[in-house]
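Enquirer: Dumping the structure here so I can ask a few things about it.
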Amino acid sequence: MSASQQGTHSLAFRVMRLCKPSFQVEPPLQLDPTDLLVGEDIYDDPLAASHLSPLISSHVSNLVDSSDLNYRSRFLLNHPSDSIGLSGLLVLPQSFGAIYLGETFCSYVSINNSSSFEVRDIIIKAEIQTERQRILLLDTSKSPVESIRAGGRYDFIVEHDVKELGAHTLVCTALYNDGDGERKYLPQVFKFIVSNPLSVRTKVRVVKENTYLEACIENHTKSNLYMDQVDFEPSQQWRISTVLKADNHPADHDPTREIFKPPILIRSDGGIYNFLYQLRFSSQDSGQLQVEGTNIMGKLQITWRTNLGEPGRLQTQQILGTPIARKEVELRLLEVPSLINLDRPFSVHLNLINHTDRELGPFEVCLSQNNSREEKVVMINGLQTMALPQLEASGSTDFHLNLIATKLGVQRITGITVFETREKRTYDPLPDLEIFVDMD
């Protein structure tokens, strides 16, 4: 930790970061006694392998004699777990270490009196300074510490939810009366850098009426991250239809996971995991107005824990999709007969919606005459133009259009178009629809 100190002071700050300890790992240089005497191929001979155990035990018993003080056995694997290299000890943090966005920075601060006399009326302040703001963590101005005896100390804990990247400075100050009654001011600073623990890459794909959002989360830390929650919070005009974990396999399905959901592991140093969300417009069923140009889909809420349970939490910025094109008038297909016979009339159930805030109409529905040479197989049966009344603002109407098919097999209904007679406007036609025409 870096600290700066001005002048000669009786007091001094000492800071230790409060976080989960780490395992003490001793790289093992141990071996199995068998490797000293024979090779692995001895197990290919059943007779030799049967005599191996008594031979090894006689030599090992001499090596591990407790009265032997030359430590000849210190390189032997007495237990398979010895090869892990964990000594069973935990190590407290020796520095601030790596601090990541979304974590809680917690420190144990001690102000020590290293002089031979007592100091009195100590006002202590601690604050976090970033490039954008200053956050006060502790202020004893209203109730100063009465005194700190010679060789004594005053301890406190500060916490701060890390919400910014980059350089941070923990500033600790003390205003106190020295042994000779002189009022002194002690500032000390402790600097650390906040890094990004993970990155989130998103892709948006539109397939017919469904929109798919893929989120790829990559771990940039030196430890494994266990995802407790990766939730997508859609904006007002969207709703989640299905949540899929793109990296899951059918064999991973377990009924107990519906009750107890284990965290998702994203391994250290670049491990990734993919999530897939199926979205739909929340306004499709309610007939609400779609806002022109709105492409805000929502944001992700992510919470995780590290190997020893240290929590973290991040919220992404608003995720943007493709801009929503506003449709003033929309023609939808509601129902098609399951059985369509050759040269027999049939009707399709349609719905016309006015998405504007004003009255539109009257309308005419017809089959558009395109310039293609392809023969029209499905035609309107009867009058070639169907009249519809005016639609009020945000209103809709259902109607049936009579058609007839003149050829067998898989055919396409194309070119059903809406024409607004008052403003002389033609709107987008109904998307092409495939049907199967059977014999009567």
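If you're wondering about the labels, chains in the structure tokens are A, B, ... by order shown, residues count from 1 in each chain, ligands from 1 in order shown.
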Taking 4 positions as the minimum chain separation for residues in the same chain, which residues sit within 10 Å of range 221-225 of chain A when counting only C-alpha atoms? Answer as an NGL selection string.
Expert: :A and (98-100 or 195-198 or 263-271 or 303-312)
Enquirer: Kindly export the residues of the current selection with N, CA, C and O atoms, as an mmCIF file, in the first residue's frame.
Expert:
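Dumped everything to out-v7.cif:
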data_model
loop_
_atom_site.group_PDB
_atom_site.id
_atom_site.type_symbol
_atom_site.label_atom_id
_atom_site.label_comp_id
_atom_site.auth_asym_id
_atom_site.auth_seq_id
_atom_site.Cartn_x
_atom_site.Cartn_y
_atom_site.Cartn_z
ATOM 1 N N ALA A 98 -6.346 -6.995 -6.209
ATOM 2 C CA ALA A 98 -7.233 -6.656 -7.329
ATOM 3 C C ALA A 98 -8.614 -6.292 -6.795
ATOM 4 O O ALA A 98 -9.215 -7.051 -6.040
ATOM 5 N N ILE A 99 -9.098 -5.138 -7.178
ATOM 6 C CA ILE A 99 -10.423 -4.661 -6.774
ATOM 7 C C ILE A 99 -11.230 -4.459 -8.050
ATOM 8 O O ILE A 99 -10.771 -3.802 -8.996
ATOM 9 N N TYR A 100 -12.444 -5.011 -8.062
ATOM 10 C CA TYR A 100 -13.232 -5.035 -9.292
ATOM 11 C C TYR A 100 -14.537 -4.260 -9.129
ATOM 12 O O TYR A 100 -15.089 -4.148 -8.026
ATOM 13 N N SER A 195 -10.782 -2.397 -11.608
ATOM 14 C CA SER A 195 -10.833 -2.988 -12.947
ATOM 15 C C SER A 195 -12.208 -3.586 -13.218
ATOM 16 O O SER A 195 -13.015 -3.765 -12.299
ATOM 17 N N ASN A 196 -12.430 -3.913 -14.487
ATOM 18 C CA ASN A 196 -13.700 -4.523 -14.886
ATOM 19 C C ASN A 196 -13.593 -6.039 -14.723
ATOM 20 O O ASN A 196 -12.714 -6.659 -15.317
ATOM 21 N N PRO A 197 -14.476 -6.674 -13.932
ATOM 22 C CA PRO A 197 -14.361 -8.117 -13.712
ATOM 23 C C PRO A 197 -14.816 -8.947 -14.898
ATOM 24 O O PRO A 197 -14.378 -10.084 -15.061
ATOM 25 N N LEU A 198 -15.699 -8.411 -15.704
ATOM 26 C CA LEU A 198 -16.241 -9.188 -16.820
ATOM 27 C C LEU A 198 -16.687 -8.252 -17.935
ATOM 28 O O LEU A 198 -16.855 -7.056 -17.735
ATOM 29 N N PRO A 263 -25.232 -22.336 -8.898
ATOM 30 C CA PRO A 263 -24.646 -21.219 -9.653
ATOM 31 C C PRO A 263 -23.930 -21.710 -10.898
ATOM 32 O O PRO A 263 -23.489 -22.859 -10.982
ATOM 33 N N ILE A 264 -23.825 -20.828 -11.866
ATOM 34 C CA ILE A 264 -23.161 -21.149 -13.131
ATOM 35 C C ILE A 264 -21.697 -20.736 -13.033
ATOM 36 O O ILE A 264 -21.384 -19.586 -12.682
ATOM 37 N N LEU A 265 -20.814 -21.655 -13.314
ATOM 38 C CA LEU A 265 -19.379 -21.399 -13.214
ATOM 39 C C LEU A 265 -18.856 -20.780 -14.509
ATOM 40 O O LEU A 265 -19.079 -21.308 -15.600
ATOM 41 N N ILE A 266 -18.153 -19.647 -14.368
ATOM 42 C CA ILE A 266 -17.393 -19.052 -15.466
ATOM 43 C C ILE A 266 -15.942 -19.016 -15.016
ATOM 44 O O ILE A 266 -15.595 -18.322 -14.062
ATOM 45 N N ARG A 267 -15.109 -19.771 -15.688
ATOM 46 C CA ARG A 267 -13.742 -19.960 -15.223
ATOM 47 C C ARG A 267 -12.896 -18.692 -15.402
ATOM 48 O O ARG A 267 -13.220 -17.808 -16.194
ATOM 49 N N SER A 268 -11.815 -18.654 -14.615
ATOM 50 C CA SER A 268 -10.944 -17.479 -14.584
ATOM 51 C C SER A 268 -10.200 -17.293 -15.907
ATOM 52 O O SER A 268 -10.097 -18.210 -16.724
ATOM 53 N N ASP A 269 -9.671 -16.071 -16.059
ATOM 54 C CA ASP A 269 -8.801 -15.741 -17.201
ATOM 55 C C ASP A 269 -9.436 -16.049 -18.555
ATOM 56 O O ASP A 269 -8.885 -16.792 -19.373
ATOM 57 N N GLY A 270 -10.622 -15.508 -18.782
ATOM 58 C CA GLY A 270 -11.207 -15.595 -20.115
ATOM 59 C C GLY A 270 -12.292 -16.621 -20.308
ATOM 60 O O GLY A 270 -12.726 -16.841 -21.441
ATOM 61 N N GLY A 271 -12.764 -17.273 -19.227
ATOM 62 C CA GLY A 271 -13.877 -18.197 -19.379
ATOM 63 C C GLY A 271 -15.132 -17.463 -19.826
ATOM 64 O O GLY A 271 -15.360 -16.307 -19.468
ATOM 65 N N THR A 303 -25.294 -10.938 -10.797
ATOM 66 C CA THR A 303 -24.697 -11.091 -9.472
ATOM 67 C C THR A 303 -23.868 -12.362 -9.460
ATOM 68 O O THR A 303 -24.218 -13.344 -10.118
ATOM 69 N N TRP A 304 -22.778 -12.332 -8.715
ATOM 70 C CA TRP A 304 -21.865 -13.476 -8.689
ATOM 71 C C TRP A 304 -21.161 -13.557 -7.339
ATOM 72 O O TRP A 304 -21.247 -12.652 -6.511
ATOM 73 N N ARG A 305 -20.445 -14.675 -7.168
ATOM 74 C CA ARG A 305 -19.567 -14.867 -6.010
ATOM 75 C C ARG A 305 -18.250 -15.471 -6.492
ATOM 76 O O ARG A 305 -18.222 -16.177 -7.491
ATOM 77 N N THR A 306 -17.180 -15.191 -5.739
ATOM 78 C CA THR A 306 -15.876 -15.744 -6.073
ATOM 79 C C THR A 306 -15.693 -17.075 -5.355
ATOM 80 O O THR A 306 -16.612 -17.597 -4.731
ATOM 81 N N ASN A 307 -14.477 -17.631 -5.426
ATOM 82 C CA ASN A 307 -14.216 -18.955 -4.859
ATOM 83 C C ASN A 307 -14.587 -19.054 -3.386
ATOM 84 O O ASN A 307 -15.105 -20.079 -2.932
ATOM 85 N N LEU A 308 -14.314 -17.997 -2.621
ATOM 86 C CA LEU A 308 -14.576 -18.032 -1.180
ATOM 87 C C LEU A 308 -15.809 -17.212 -0.800
ATOM 88 O O LEU A 308 -15.951 -16.805 0.353
ATOM 89 N N GLY A 309 -16.674 -16.949 -1.759
ATOM 90 C CA GLY A 309 -17.971 -16.349 -1.443
ATOM 91 C C GLY A 309 -18.042 -14.846 -1.479
ATOM 92 O O GLY A 309 -19.062 -14.271 -1.083
ATOM 93 N N GLU A 310 -17.003 -14.147 -1.948
ATOM 94 C CA GLU A 310 -17.069 -12.686 -2.042
ATOM 95 C C GLU A 310 -18.121 -12.294 -3.082
ATOM 96 O O GLU A 310 -18.050 -12.711 -4.238
ATOM 97 N N PRO A 311 -19.123 -11.467 -2.707
ATOM 98 C CA PRO A 311 -20.197 -11.138 -3.655
ATOM 99 C C PRO A 311 -19.815 -9.986 -4.585
ATOM 100 O O PRO A 311 -18.950 -9.169 -4.285
ATOM 101 N N GLY A 312 -20.485 -9.938 -5.725
ATOM 102 C CA GLY A 312 -20.345 -8.835 -6.665
ATOM 103 C C GLY A 312 -21.645 -8.657 -7.429
ATOM 104 O O GLY A 312 -22.432 -9.602 -7.573
#
Enquirer: List the neighbours of Phe275 in chain A out to 12 Å using only C-alpha atoms; skip same-chain residues closer than 6 positions along the sequence, and give me the result as a PDB file with N, CA, C and O atoms, in the first residue's frame.
Expert:
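Ended up saving to out-v8.pdb:
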ATOM      1  N   VAL A 200     -19.553  -8.023 -21.264  1.00  0.00           N
ATOM      2  CA  VAL A 200     -20.814  -8.559 -21.776  1.00  0.00           C
ATOM      3  C   VAL A 200     -20.948  -8.133 -23.234  1.00  0.00           C
ATOM      4  O   VAL A 200     -20.972  -6.941 -23.550  1.00  0.00           O
ATOM      5  N   ARG A 201     -20.995  -9.116 -24.117  1.00  0.00           N
ATOM      6  CA  ARG A 201     -21.208  -8.860 -25.547  1.00  0.00           C
ATOM      7  C   ARG A 201     -22.597  -9.377 -25.929  1.00  0.00           C
ATOM      8  O   ARG A 201     -22.964 -10.503 -25.567  1.00  0.00           O
ATOM      9  N   THR A 202     -23.341  -8.560 -26.649  1.00  0.00           N
ATOM     10  CA  THR A 202     -24.715  -8.927 -26.998  1.00  0.00           C
ATOM     11  C   THR A 202     -24.906  -8.912 -28.500  1.00  0.00           C
ATOM     12  O   THR A 202     -24.251  -8.156 -29.230  1.00  0.00           O
ATOM     13  N   LYS A 203     -25.811  -9.776 -28.964  1.00  0.00           N
ATOM     14  CA  LYS A 203     -26.241  -9.814 -30.360  1.00  0.00           C
ATOM     15  C   LYS A 203     -27.761  -9.901 -30.372  1.00  0.00           C
ATOM     16  O   LYS A 203     -28.360 -10.608 -29.553  1.00  0.00           O
ATOM     17  N   TYR A 212     -34.441 -12.471 -30.663  1.00  0.00           N
ATOM     18  CA  TYR A 212     -33.542 -13.239 -29.813  1.00  0.00           C
ATOM     19  C   TYR A 212     -32.367 -12.354 -29.399  1.00  0.00           C
ATOM     20  O   TYR A 212     -31.725 -11.721 -30.245  1.00  0.00           O
ATOM     21  N   LEU A 213     -32.117 -12.323 -28.105  1.00  0.00           N
ATOM     22  CA  LEU A 213     -30.986 -11.586 -27.542  1.00  0.00           C
ATOM     23  C   LEU A 213     -29.987 -12.591 -26.986  1.00  0.00           C
ATOM     24  O   LEU A 213     -30.309 -13.351 -26.073  1.00  0.00           O
ATOM     25  N   GLU A 214     -28.791 -12.588 -27.532  1.00  0.00           N
ATOM     26  CA  GLU A 214     -27.711 -13.453 -27.039  1.00  0.00           C
ATOM     27  C   GLU A 214     -26.733 -12.614 -26.233  1.00  0.00           C
ATOM     28  O   GLU A 214     -26.261 -11.570 -26.707  1.00  0.00           O
ATOM     29  N   ALA A 215     -26.449 -13.044 -25.001  1.00  0.00           N
ATOM     30  CA  ALA A 215     -25.497 -12.352 -24.131  1.00  0.00           C
ATOM     31  C   ALA A 215     -24.343 -13.290 -23.825  1.00  0.00           C
ATOM     32  O   ALA A 215     -24.544 -14.390 -23.310  1.00  0.00           O
ATOM     33  N   CYS A 216     -23.139 -12.860 -24.165  1.00  0.00           N
ATOM     34  CA  CYS A 216     -21.917 -13.638 -23.895  1.00  0.00           C
ATOM     35  C   CYS A 216     -21.162 -12.938 -22.775  1.00  0.00           C
ATOM     36  O   CYS A 216     -20.744 -11.787 -22.924  1.00  0.00           O
ATOM     37  N   ILE A 217     -20.982 -13.634 -21.644  1.00  0.00           N
ATOM     38  CA  ILE A 217     -20.300 -13.068 -20.479  1.00  0.00           C
ATOM     39  C   ILE A 217     -18.914 -13.687 -20.377  1.00  0.00           C
ATOM     40  O   ILE A 217     -18.776 -14.912 -20.343  1.00  0.00           O
ATOM     41  N   GLU A 218     -17.886 -12.839 -20.318  1.00  0.00           N
ATOM     42  CA  GLU A 218     -16.498 -13.296 -20.239  1.00  0.00           C
ATOM     43  C   GLU A 218     -15.875 -12.845 -18.924  1.00  0.00           C
ATOM     44  O   GLU A 218     -16.018 -11.683 -18.513  1.00  0.00           O
ATOM     45  N   MET A 227     -21.991 -17.481 -11.100  1.00  0.00           N
ATOM     46  CA  MET A 227     -23.118 -16.600 -11.391  1.00  0.00           C
ATOM     47  C   MET A 227     -24.363 -17.028 -10.603  1.00  0.00           C
ATOM     48  O   MET A 227     -24.914 -18.104 -10.832  1.00  0.00           O
ATOM     49  N   GLN A 229     -27.058 -14.934 -10.534  1.00  0.00           N
ATOM     50  CA  GLN A 229     -28.196 -14.353 -11.252  1.00  0.00           C
ATOM     51  C   GLN A 229     -27.696 -13.666 -12.513  1.00  0.00           C
ATOM     52  O   GLN A 229     -26.759 -12.873 -12.477  1.00  0.00           O
ATOM     53  N   VAL A 230     -28.313 -13.997 -13.631  1.00  0.00           N
ATOM     54  CA  VAL A 230     -28.109 -13.261 -14.884  1.00  0.00           C
ATOM     55  C   VAL A 230     -29.505 -13.045 -15.460  1.00  0.00           C
ATOM     56  O   VAL A 230     -30.004 -13.839 -16.253  1.00  0.00           O
ATOM     57  N   ASP A 231     -30.140 -11.979 -15.027  1.00  0.00           N
ATOM     58  CA  ASP A 231     -31.531 -11.706 -15.402  1.00  0.00           C
ATOM     59  C   ASP A 231     -31.589 -10.537 -16.377  1.00  0.00           C
ATOM     60  O   ASP A 231     -30.898  -9.525 -16.204  1.00  0.00           O
ATOM     61  N   PHE A 232     -32.444 -10.681 -17.374  1.00  0.00           N
ATOM     62  CA  PHE A 232     -32.685  -9.600 -18.318  1.00  0.00           C
ATOM     63  C   PHE A 232     -33.965  -8.886 -17.918  1.00  0.00           C
ATOM     64  O   PHE A 232     -35.022  -9.505 -17.781  1.00  0.00           O
ATOM     65  N   THR A 242     -38.983 -16.737 -23.419  1.00  0.00           N
ATOM     66  CA  THR A 242     -38.212 -17.908 -22.991  1.00  0.00           C
ATOM     67  C   THR A 242     -36.808 -17.464 -22.629  1.00  0.00           C
ATOM     68  O   THR A 242     -36.259 -16.564 -23.250  1.00  0.00           O
ATOM     69  N   VAL A 243     -36.237 -18.100 -21.593  1.00  0.00           N
ATOM     70  CA  VAL A 243     -34.843 -17.892 -21.218  1.00  0.00           C
ATOM     71  C   VAL A 243     -34.113 -19.201 -21.440  1.00  0.00           C
ATOM     72  O   VAL A 243     -34.484 -20.234 -20.890  1.00  0.00           O
ATOM     73  N   LEU A 244     -33.061 -19.164 -22.257  1.00  0.00           N
ATOM     74  CA  LEU A 244     -32.273 -20.355 -22.562  1.00  0.00           C
ATOM     75  C   LEU A 244     -30.826 -20.105 -22.195  1.00  0.00           C
ATOM     76  O   LEU A 244     -30.318 -18.997 -22.377  1.00  0.00           O
ATOM     77  N   LYS A 245     -30.169 -21.120 -21.659  1.00  0.00           N
ATOM     78  CA  LYS A 245     -28.728 -21.063 -21.441  1.00  0.00           C
ATOM     79  C   LYS A 245     -28.084 -21.739 -22.636  1.00  0.00           C
ATOM     80  O   LYS A 245     -28.172 -22.952 -22.800  1.00  0.00           O
ATOM     81  N   ALA A 246     -27.448 -20.955 -23.471  1.00  0.00           N
ATOM     82  CA  ALA A 246     -26.965 -21.467 -24.753  1.00  0.00           C
ATOM     83  C   ALA A 246     -25.923 -22.558 -24.593  1.00  0.00           C
ATOM     84  O   ALA A 246     -25.728 -23.368 -25.484  1.00  0.00           O
ATOM     85  N   ASP A 247     -25.223 -22.603 -23.463  1.00  0.00           N
ATOM     86  CA  ASP A 247     -24.179 -23.605 -23.260  1.00  0.00           C
ATOM     87  C   ASP A 247     -24.697 -24.860 -22.592  1.00  0.00           C
ATOM     88  O   ASP A 247     -23.930 -25.771 -22.296  1.00  0.00           O
ATOM     89  N   ASN A 248     -25.998 -24.925 -22.299  1.00  0.00           N
ATOM     90  CA  ASN A 248     -26.557 -26.120 -21.674  1.00  0.00           C
ATOM     91  C   ASN A 248     -26.781 -27.213 -22.710  1.00  0.00           C
ATOM     92  O   ASN A 248     -26.978 -26.950 -23.895  1.00  0.00           O
ATOM     93  N   ILE A 264     -23.825 -20.828 -11.866  1.00  0.00           N
ATOM     94  CA  ILE A 264     -23.161 -21.149 -13.131  1.00  0.00           C
ATOM     95  C   ILE A 264     -21.697 -20.736 -13.033  1.00  0.00           C
ATOM     96  O   ILE A 264     -21.384 -19.586 -12.682  1.00  0.00           O
ATOM     97  N   LEU A 300     -29.266  -5.993 -18.321  1.00  0.00           N
ATOM     98  CA  LEU A 300     -28.967  -7.228 -17.596  1.00  0.00           C
ATOM     99  C   LEU A 300     -28.582  -6.915 -16.159  1.00  0.00           C
ATOM    100  O   LEU A 300     -27.816  -5.982 -15.891  1.00  0.00           O
ATOM    101  N   ILE A 302     -26.625  -8.723 -13.129  1.00  0.00           N
ATOM    102  CA  ILE A 302     -25.700  -9.836 -12.936  1.00  0.00           C
ATOM    103  C   ILE A 302     -25.178  -9.820 -11.506  1.00  0.00           C
ATOM    104  O   ILE A 302     -24.674  -8.792 -11.034  1.00  0.00           O
TER     105      ILE A 302
END
Enquirer: If you measure from CA of Val410 in chain A to CA of Val378 in chain A, what distance in Å do you get, rounded to one decimal?
Expert: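 Separation of CA of Val410 in chain A and CA of Val378 in chain A: 11.0 Å.
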Enquirer: Mind pulling up the distance from CA of Arg344 in chain A to CA of Asn381 in chain A?
Expert: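 Pair CA of Asn381 in chain A / CA of Arg344 in chain A returns 9.4 Å.
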Enquirer: Show which residues sit within 9 Å of Thr140 in chain A, as a list in words. Count only C-alpha atoms, and ignore same-chain residues fewer than 5 positions away.
Expert: Ile122, Ile123, Ile124, Lys125 and Val145 of chain A
Enquirer: Write the residues you've just listed into a file as a PDB file, in the first residue's frame, and include all heavy atoms for each of them.
Expert:
ATOM      1  N   ILE A 122      -9.258  14.010  18.880  1.00  0.00           N
ATOM      2  CA  ILE A 122      -8.912  13.614  17.519  1.00  0.00           C
ATOM      3  C   ILE A 122     -10.178  13.596  16.655  1.00  0.00           C
ATOM      4  O   ILE A 122     -11.148  12.900  16.969  1.00  0.00           O
ATOM      5  CB  ILE A 122      -8.244  12.227  17.488  1.00  0.00           C
ATOM      6  CG1 ILE A 122      -7.048  12.180  18.453  1.00  0.00           C
ATOM      7  CG2 ILE A 122      -7.794  11.870  16.094  1.00  0.00           C
ATOM      8  CD1 ILE A 122      -7.342  11.427  19.717  1.00  0.00           C
ATOM      9  N   ILE A 123     -10.155  14.364  15.573  1.00  0.00           N
ATOM     10  CA  ILE A 123     -11.231  14.339  14.570  1.00  0.00           C
ATOM     11  C   ILE A 123     -10.713  13.542  13.374  1.00  0.00           C
ATOM     12  O   ILE A 123      -9.719  13.917  12.744  1.00  0.00           O
ATOM     13  CB  ILE A 123     -11.630  15.757  14.147  1.00  0.00           C
ATOM     14  CG1 ILE A 123     -12.208  16.531  15.340  1.00  0.00           C
ATOM     15  CG2 ILE A 123     -12.648  15.692  13.003  1.00  0.00           C
ATOM     16  CD1 ILE A 123     -12.537  17.979  15.018  1.00  0.00           C
ATOM     17  N   ILE A 124     -11.395  12.453  13.080  1.00  0.00           N
ATOM     18  CA  ILE A 124     -10.956  11.545  12.019  1.00  0.00           C
ATOM     19  C   ILE A 124     -11.958  11.600  10.873  1.00  0.00           C
ATOM     20  O   ILE A 124     -13.171  11.553  11.090  1.00  0.00           O
ATOM     21  CB  ILE A 124     -10.827  10.100  12.537  1.00  0.00           C
ATOM     22  CG1 ILE A 124      -9.861  10.044  13.733  1.00  0.00           C
ATOM     23  CG2 ILE A 124     -10.358   9.160  11.440  1.00  0.00           C
ATOM     24  CD1 ILE A 124      -9.844   8.701  14.419  1.00  0.00           C
ATOM     25  N   LYS A 125     -11.423  11.679   9.661  1.00  0.00           N
ATOM     26  CA  LYS A 125     -12.256  11.608   8.461  1.00  0.00           C
ATOM     27  C   LYS A 125     -11.648  10.607   7.487  1.00  0.00           C
ATOM     28  O   LYS A 125     -10.428  10.499   7.377  1.00  0.00           O
ATOM     29  CB  LYS A 125     -12.378  12.975   7.781  1.00  0.00           C
ATOM     30  CG  LYS A 125     -13.203  13.993   8.552  1.00  0.00           C
ATOM     31  CD  LYS A 125     -13.356  15.276   7.755  1.00  0.00           C
ATOM     32  CE  LYS A 125     -14.197  16.290   8.522  1.00  0.00           C
ATOM     33  NZ  LYS A 125     -14.372  17.554   7.754  1.00  0.00           N
ATOM     34  N   VAL A 145     -12.776  11.664  18.945  1.00  0.00           N
ATOM     35  CA  VAL A 145     -12.175  10.672  19.833  1.00  0.00           C
ATOM     36  C   VAL A 145     -11.478  11.425  20.964  1.00  0.00           C
ATOM     37  O   VAL A 145     -10.645  12.314  20.721  1.00  0.00           O
ATOM     38  CB  VAL A 145     -11.172   9.790  19.062  1.00  0.00           C
ATOM     39  CG1 VAL A 145     -10.522   8.777  20.000  1.00  0.00           C
ATOM     40  CG2 VAL A 145     -11.879   9.087  17.912  1.00  0.00           C
TER      41      VAL A 145
END
Enquirer: Taking only C-alpha atoms into account, which of A:Gly151, A:Ser116, A:Gly361, A:Leu92 comes nearest Ser22 in chain A?
Expert: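 Among A:Gly151, A:Ser116, A:Gly361, A:Leu92, it is A:Leu92 that comes nearest to Ser22 in chain A.
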Enquirer: Record the distance separating CA of Leu314 in chain A and CA of Asn219 in chain A, expressed in Å with one decimal.
Expert: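 Result for CA of Leu314 in chain A versus CA of Asn219 in chain A: 13.0 Å, one decimal.
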Enquirer: Name the residues of range 152-350 of chain A that fall into helix (DSSP H, G or I) according to DSSP on the backbone, using the chain letters and numbers of this document, as a PyMOL selection string.
Expert: chain A and resi 250-252+255-258
Enquirer: Might you pull out every residue within 12 Å of Asp180 in chain A, with only C-alpha atoms counted and same-chain residues fewer than 4 positions away left off, and present them as number ranges by chain?
Expert: A: 10, 115-120, 176, 184
Enquirer: From the list A:Gly382, A:Pro429, A:Pro262, A:Gly415, which residue is nearest Val329 in chain A when using only C-alpha atoms?
Expert: A:Pro429
Enquirer: With DSSP run on the backbone, what are the strand (DSSP E) residues within range 155-389 of chain A? I'd like them as a PyMOL selection string.
Expert: chain A and resi 155-161+166-177+183-195+198-207+210-219+225-234+238-245+264-266+272-281+296-305+311-315+319-320+329-335+340-341+345-354+363-367+378-380+385-388
Enquirer: Tell me, counting only C-alpha atoms, for each residue of range 154-179 of chain A within 10 Å of range 13-16 of chain A, which pair of atoms is nearest and how far apart they are in Å to one decimal, in rows ordered by chain and increasing number, as JSON lines.
Expert:
{"residue": "A:Tyr154", "atom": "CA", "partner": "A:Phe13", "partner_atom": "CA", "distance": 9.6}
{"residue": "A:Asp155", "atom": "CA", "partner": "A:Arg14", "partner_atom": "CA", "distance": 9.4}
{"residue": "A:Phe156", "atom": "CA", "partner": "A:Val15", "partner_atom": "CA", "distance": 9.9}
{"residue": "A:Ile157", "atom": "CA", "partner": "A:Val15", "partner_atom": "CA", "distance": 9.6}
{"residue": "A:Leu170", "atom": "CA", "partner": "A:Val15", "partner_atom": "CA", "distance": 9.6}
{"residue": "A:Cys172", "atom": "CA", "partner": "A:Phe13", "partner_atom": "CA", "distance": 7.4}
{"residue": "A:Thr173", "atom": "CA", "partner": "A:Phe13", "partner_atom": "CA", "distance": 8.6}
{"residue": "A:Ala174", "atom": "CA", "partner": "A:Phe13", "partner_atom": "CA", "distance": 9.0}
Enquirer: Just to be explicit: take each residue in the selection above, keep N, CA and C atoms, and write the result as a PDB file, in the first residue's frame.
Expert:
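again-v6.pdb, freshly written:
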ATOM      1  N   TYR A 154      -6.681   3.563  17.646  1.00  0.00           N
ATOM      2  CA  TYR A 154      -8.130   3.644  17.465  1.00  0.00           C
ATOM      3  C   TYR A 154      -8.448   2.997  16.120  1.00  0.00           C
ATOM      4  N   ASP A 155      -9.363   2.017  16.124  1.00  0.00           N
ATOM      5  CA  ASP A 155      -9.656   1.229  14.938  1.00  0.00           C
ATOM      6  C   ASP A 155     -11.089   1.474  14.460  1.00  0.00           C
ATOM      7  N   PHE A 156     -11.270   1.392  13.144  1.00  0.00           N
ATOM      8  CA  PHE A 156     -12.615   1.488  12.571  1.00  0.00           C
ATOM      9  C   PHE A 156     -12.607   0.793  11.217  1.00  0.00           C
ATOM     10  N   ILE A 157     -13.807   0.519  10.717  1.00  0.00           N
ATOM     11  CA  ILE A 157     -13.982  -0.164   9.433  1.00  0.00           C
ATOM     12  C   ILE A 157     -14.779   0.738   8.500  1.00  0.00           C
ATOM     13  N   LEU A 170      -8.200   6.329  -1.224  1.00  0.00           N
ATOM     14  CA  LEU A 170      -8.746   6.357   0.131  1.00  0.00           C
ATOM     15  C   LEU A 170      -7.961   7.395   0.909  1.00  0.00           C
ATOM     16  N   CYS A 172      -7.390   9.401   4.353  1.00  0.00           N
ATOM     17  CA  CYS A 172      -7.628   9.376   5.800  1.00  0.00           C
ATOM     18  C   CYS A 172      -6.950  10.596   6.413  1.00  0.00           C
ATOM     19  N   THR A 173      -7.697  11.376   7.183  1.00  0.00           N
ATOM     20  CA  THR A 173      -7.140  12.574   7.820  1.00  0.00           C
ATOM     21  C   THR A 173      -7.451  12.554   9.310  1.00  0.00           C
ATOM     22  N   ALA A 174      -6.558  13.181  10.068  1.00  0.00           N
ATOM     23  CA  ALA A 174      -6.747  13.303  11.524  1.00  0.00           C
ATOM     24  C   ALA A 174      -6.336  14.701  11.956  1.00  0.00           C
TER      25      ALA A 174
END
Enquirer: Can you tell me which residues surround Pro431 in chain A at a distance of at most 10 Å, considering only C-alpha atoms, apart from same-chain residues fewer than 4 positions away, and format the answer as an MDAnalysis selection string?
Expert: chainID A and resid 331:333 413:417
Enquirer: Can you pull out the residues contacting Asn351 in chain A? Cut-off 12 Å, using only C-alpha atoms, and skip same-chain residues under 2 positions away; I want them as a PyMOL selection string.
Expert: chain A and resi 287+329-335+348-349+353-354+365+388+391+395-401+418+430
